[in-house]
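**Q** Dropping the structure in here first, questions after.
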Amino acid sequence: MAHLQQEGIDDIEVVILSHGDSDHVGGLIDVLRSSIPVDAVLYNSQHSASLTYQQFLTETMKRGLTPTPAQVGQSHTWGPVNASVLNPQNPPTGEQNEDSVVILAVYGDVRFLFPGDVGTDTYQAQADFVVFLPLVAKPASSEPTYTPTYSSRPPGTTPSPYPDSRSIVITSVFHDGVQDPAEPDEYVEIRNDDTVAIRLYGWTLHDEANYVFTFPDHVMEPGHVCRVYTNAYYSESCAFSYGSSAAIWDNGGDCAYLQDSAGTLIDTYCY
């Protein structure tokens with residue numbers, strides 16, 4: 001919302017929910033609760049049982065909006081932008097990430113791809129730029145990049161030195177959860193940027209207040225992404241959780257520290 005207000009946005013033609021995972025829904029709730037007019041809502045046609053998604057539906061109903069299911073082959077015109085829906089397929093796979101709404105938006109002679117949580121290599125040949133959240137446009141010829149959410153490592157920065165040429169990096173911290181005051185949906189996201197699989201057994205993640213999560217015996221394949229939630233379990237994100245009944249990550253600013261089983265600092269992420 002702060003970004004929209006800063007840019008002076010006073011009307012929204014369409015809100016697009018890529019898919020029903022809580023980390024993709026939360027920010028849209030604030031938009032729907034704001035005073036900015038919203039003309040339409042587009043979603044991937046799959047509902048979620050999460051509290052966050054139910055709150056999203058409640059806010060759309062309060063505005064008198066009925067979400068429109070997206071499907072491959074649809075075309076839309078929003079002001080000077082012509083958009084094509086490239087995903088979800090018909091029939092859908094039934095898996096939220098793979099059924100993300102993927103949009104190819106054409107503005108003038110430039111083509112922008114919004115891939116949701118679908119691998120960018122599937123569609124990037126059709127675009128000039130691939131757009132991730134927060135809004136960062138990268139040439140479509142770039143290597144596939146995983147979507148960071150909310151607080152994320154600024155483009156062009158590098159992780160802390162990693163021993164033995166391994167590269168597990170902290171890519172983002174979702175520190176302001178939207179599910180009840182305890183914020184169980186907070187998470188830290190990590191990614192294996194190496195070309196080899198890395199075993200996380202005995203590794204730790206902690207914040208400034210030294211709330212420690214110890215990783216179980218898990219192997220991260222190259223390019224794989226995992227999230228450590230405060231008190232939620234999602235198998236598609238490795239099912240890591242502190243199991244804490246209280247929020248962990250300080251909304252006013254904090255640091256996440258990732259250490260290997262020998263106690264060597266692997267990466268640090270501060271916001």
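By convention here, the chains of the structure tokens are called A, B, ... in the order presented, each chain's residues are numbered starting at 1, and ligands are numbered starting at 1 in the order presented.
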Which residues, written as a ChimeraX atom specification, have at least one atom at most 8 Å from Asp21 of chain A, with only C-alpha atoms counted and residues fewer than 2 positions away on the same chain left out?
**A** /A:19,23-25,48,50,53,96
**Q** Write out as an MDAnalysis selection string which residues come within 12 Å of Asn87 of chain A when counting only C-alpha atoms, dropping same-chain ones fewer than 5 positions away.
**A** chainID A and resid 18:19 43:45 69:75 92:93 96:104 113:120 122:123
**Q** Next, dump the selected residues to file, keeping only C-alpha atoms, as a compact mmCIF listing (two decimals), in the first residue's frame.
**A**
```txt
# COMPACT_ATOMS: atom_id res chain seq x y z
CA SER A 18 -1.61 -15.42 -8.91
CA HIS A 19 -2.66 -18.27 -6.57
CA TYR A 43 -7.66 -15.40 -9.81
CA ASN A 44 -6.53 -18.93 -10.75
CA SER A 45 -9.98 -20.51 -10.19
CA PRO A 69 -11.34 -17.29 -13.05
CA ALA A 70 -8.29 -16.95 -15.32
CA GLN A 71 -7.61 -19.55 -17.99
CA VAL A 72 -5.06 -19.96 -20.73
CA GLY A 73 -6.14 -18.22 -23.93
CA GLN A 74 -7.99 -15.30 -22.34
CA SER A 75 -7.18 -11.75 -23.47
CA PRO A 92 -5.61 -27.21 -14.18
CA THR A 93 -3.09 -29.43 -12.38
CA GLN A 96 -1.46 -23.99 -6.46
CA ASN A 97 2.06 -23.02 -7.62
CA GLU A 98 1.80 -24.77 -10.99
CA ASP A 99 -1.66 -23.28 -11.50
CA SER A 100 -0.46 -19.72 -10.87
CA VAL A 101 -1.95 -17.05 -13.08
CA VAL A 102 0.75 -16.17 -15.62
CA ILE A 103 0.25 -12.92 -17.52
CA LEU A 104 2.03 -11.64 -20.61
CA LEU A 113 5.95 -11.57 -18.15
CA PHE A 114 4.39 -11.95 -14.69
CA PRO A 115 5.08 -15.63 -13.85
CA GLY A 116 3.59 -16.09 -10.39
CA ASP A 117 5.25 -19.17 -8.89
CA VAL A 118 5.61 -21.01 -12.20
CA GLY A 119 9.19 -21.52 -13.42
CA THR A 120 10.13 -18.62 -15.71
CA THR A 122 8.48 -22.16 -19.31
CA TYR A 123 7.33 -18.85 -20.75
```
**Q** Would you mind listing what lies within 12 Å of Thr204 of chain A as a VMD selection string, with only C-alpha atoms counted and same-chain residues fewer than 5 positions away left out?
**A** chain A and resid 210 to 217 228 240 242 256 to 267
**Q** Could those selected residues go to a file with C-alpha atoms, as a PDB file, in the first residue's frame?
**A**
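Contents of the output file again34.pdb:
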```pdb
ATOM      1  CA  ASN A 210      18.349 -15.693  19.279  1.00  0.00           C
ATOM      2  CA  TYR A 211      15.177 -17.639  18.563  1.00  0.00           C
ATOM      3  CA  VAL A 212      16.815 -20.693  17.001  1.00  0.00           C
ATOM      4  CA  PHE A 213      15.439 -23.108  14.420  1.00  0.00           C
ATOM      5  CA  THR A 214      17.521 -26.259  13.906  1.00  0.00           C
ATOM      6  CA  PHE A 215      17.152 -27.928  10.524  1.00  0.00           C
ATOM      7  CA  PRO A 216      16.289 -31.633  10.411  1.00  0.00           C
ATOM      8  CA  ASP A 217      18.003 -34.023   8.005  1.00  0.00           C
ATOM      9  CA  VAL A 228      10.965 -21.689   7.674  1.00  0.00           C
ATOM     10  CA  PHE A 240       9.974 -26.295   8.221  1.00  0.00           C
ATOM     11  CA  TYR A 242       9.612 -22.993  14.508  1.00  0.00           C
ATOM     12  CA  ALA A 256      18.221 -13.488  10.027  1.00  0.00           C
ATOM     13  CA  TYR A 257      21.401 -15.541  10.480  1.00  0.00           C
ATOM     14  CA  LEU A 258      21.993 -18.868   8.746  1.00  0.00           C
ATOM     15  CA  GLN A 259      24.742 -21.127  10.120  1.00  0.00           C
ATOM     16  CA  ASP A 260      25.940 -24.573   9.108  1.00  0.00           C
ATOM     17  CA  SER A 261      26.316 -27.525  11.484  1.00  0.00           C
ATOM     18  CA  ALA A 262      29.818 -26.374  12.461  1.00  0.00           C
ATOM     19  CA  GLY A 263      28.499 -22.958  13.505  1.00  0.00           C
ATOM     20  CA  THR A 264      29.988 -21.145  10.489  1.00  0.00           C
ATOM     21  CA  LEU A 265      27.956 -18.127   9.413  1.00  0.00           C
ATOM     22  CA  ILE A 266      26.664 -18.861   5.907  1.00  0.00           C
ATOM     23  CA  ASP A 267      24.452 -15.871   5.177  1.00  0.00           C
TER      24      ASP A 267
END
```
**Q** What gap, in Å, lies between atom CA of Met61 of chain A and atom CA of Tyr187 of chain A?
**A**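 One can read the atom CA of Met61 of chain A to atom CA of Tyr187 of chain A distance as 28.6 Å.
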**Q** For a test of reading the model, state the distance in Å between atom CA of Gly27 of chain A and atom CA of Val225 of chain A, rounded to one decimal.
**A**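 Separation of atom CA of Gly27 of chain A and atom CA of Val225 of chain A: 21.2 Å.
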**Q** Figure out the distance between atom CA of Ala246 of chain A and atom CA of Asp180 of chain A, please, to one decimal in Å.
**A** 10.4 Å
**Q** Measuring between only C-alpha atoms, which one of A:Val219, A:Leu200, A:Cys255, A:Leu51 shows the shortest distance to Glu183 of chain A?
**A**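 Selected residue with least distance to Glu183 of chain A: A:Leu51.
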**Q** When DSSP works through the backbone of this structure, what residues of segment 29-108 of chain A end up as strand (DSSP E), shown as a compact mmCIF listing (two decimals) with C-alpha atoms, in the first residue's frame?
**A**
```
# COMPACT_ATOMS: atom_id res chain seq x y z
CA VAL A 41 -10.39 -9.31 -9.52
CA LEU A 42 -8.73 -12.13 -11.47
CA TYR A 43 -7.66 -15.40 -9.81
CA THR A 68 -13.08 -13.97 -12.40
CA PRO A 69 -11.34 -17.29 -13.05
CA SER A 75 -7.18 -11.75 -23.47
CA HIS A 76 -7.69 -8.52 -21.53
CA THR A 77 -7.18 -4.83 -22.19
CA TRP A 78 -6.42 -2.57 -19.24
CA VAL A 81 -1.93 -2.58 -21.72
CA ASN A 82 -2.94 -5.66 -23.69
CA ALA A 83 -2.64 -8.82 -21.61
CA SER A 84 -2.79 -12.52 -22.40
CA VAL A 85 -3.32 -15.29 -19.86
CA LEU A 86 -0.72 -18.06 -20.37
CA ASN A 87 -1.61 -20.12 -17.30
CA VAL A 102 0.75 -16.17 -15.62
CA ILE A 103 0.25 -12.92 -17.52
CA LEU A 104 2.03 -11.64 -20.61
CA ALA A 105 1.42 -7.88 -20.67
CA VAL A 106 2.28 -5.80 -23.74
CA TYR A 107 2.83 -2.06 -23.30
```
**Q** Considering only C-alpha atoms, state which residue in the set A:Asp194, A:Glu7, A:Asp207, A:Glu13 is at the smallest distance from Ala40 of chain A.
**A** A:Glu13
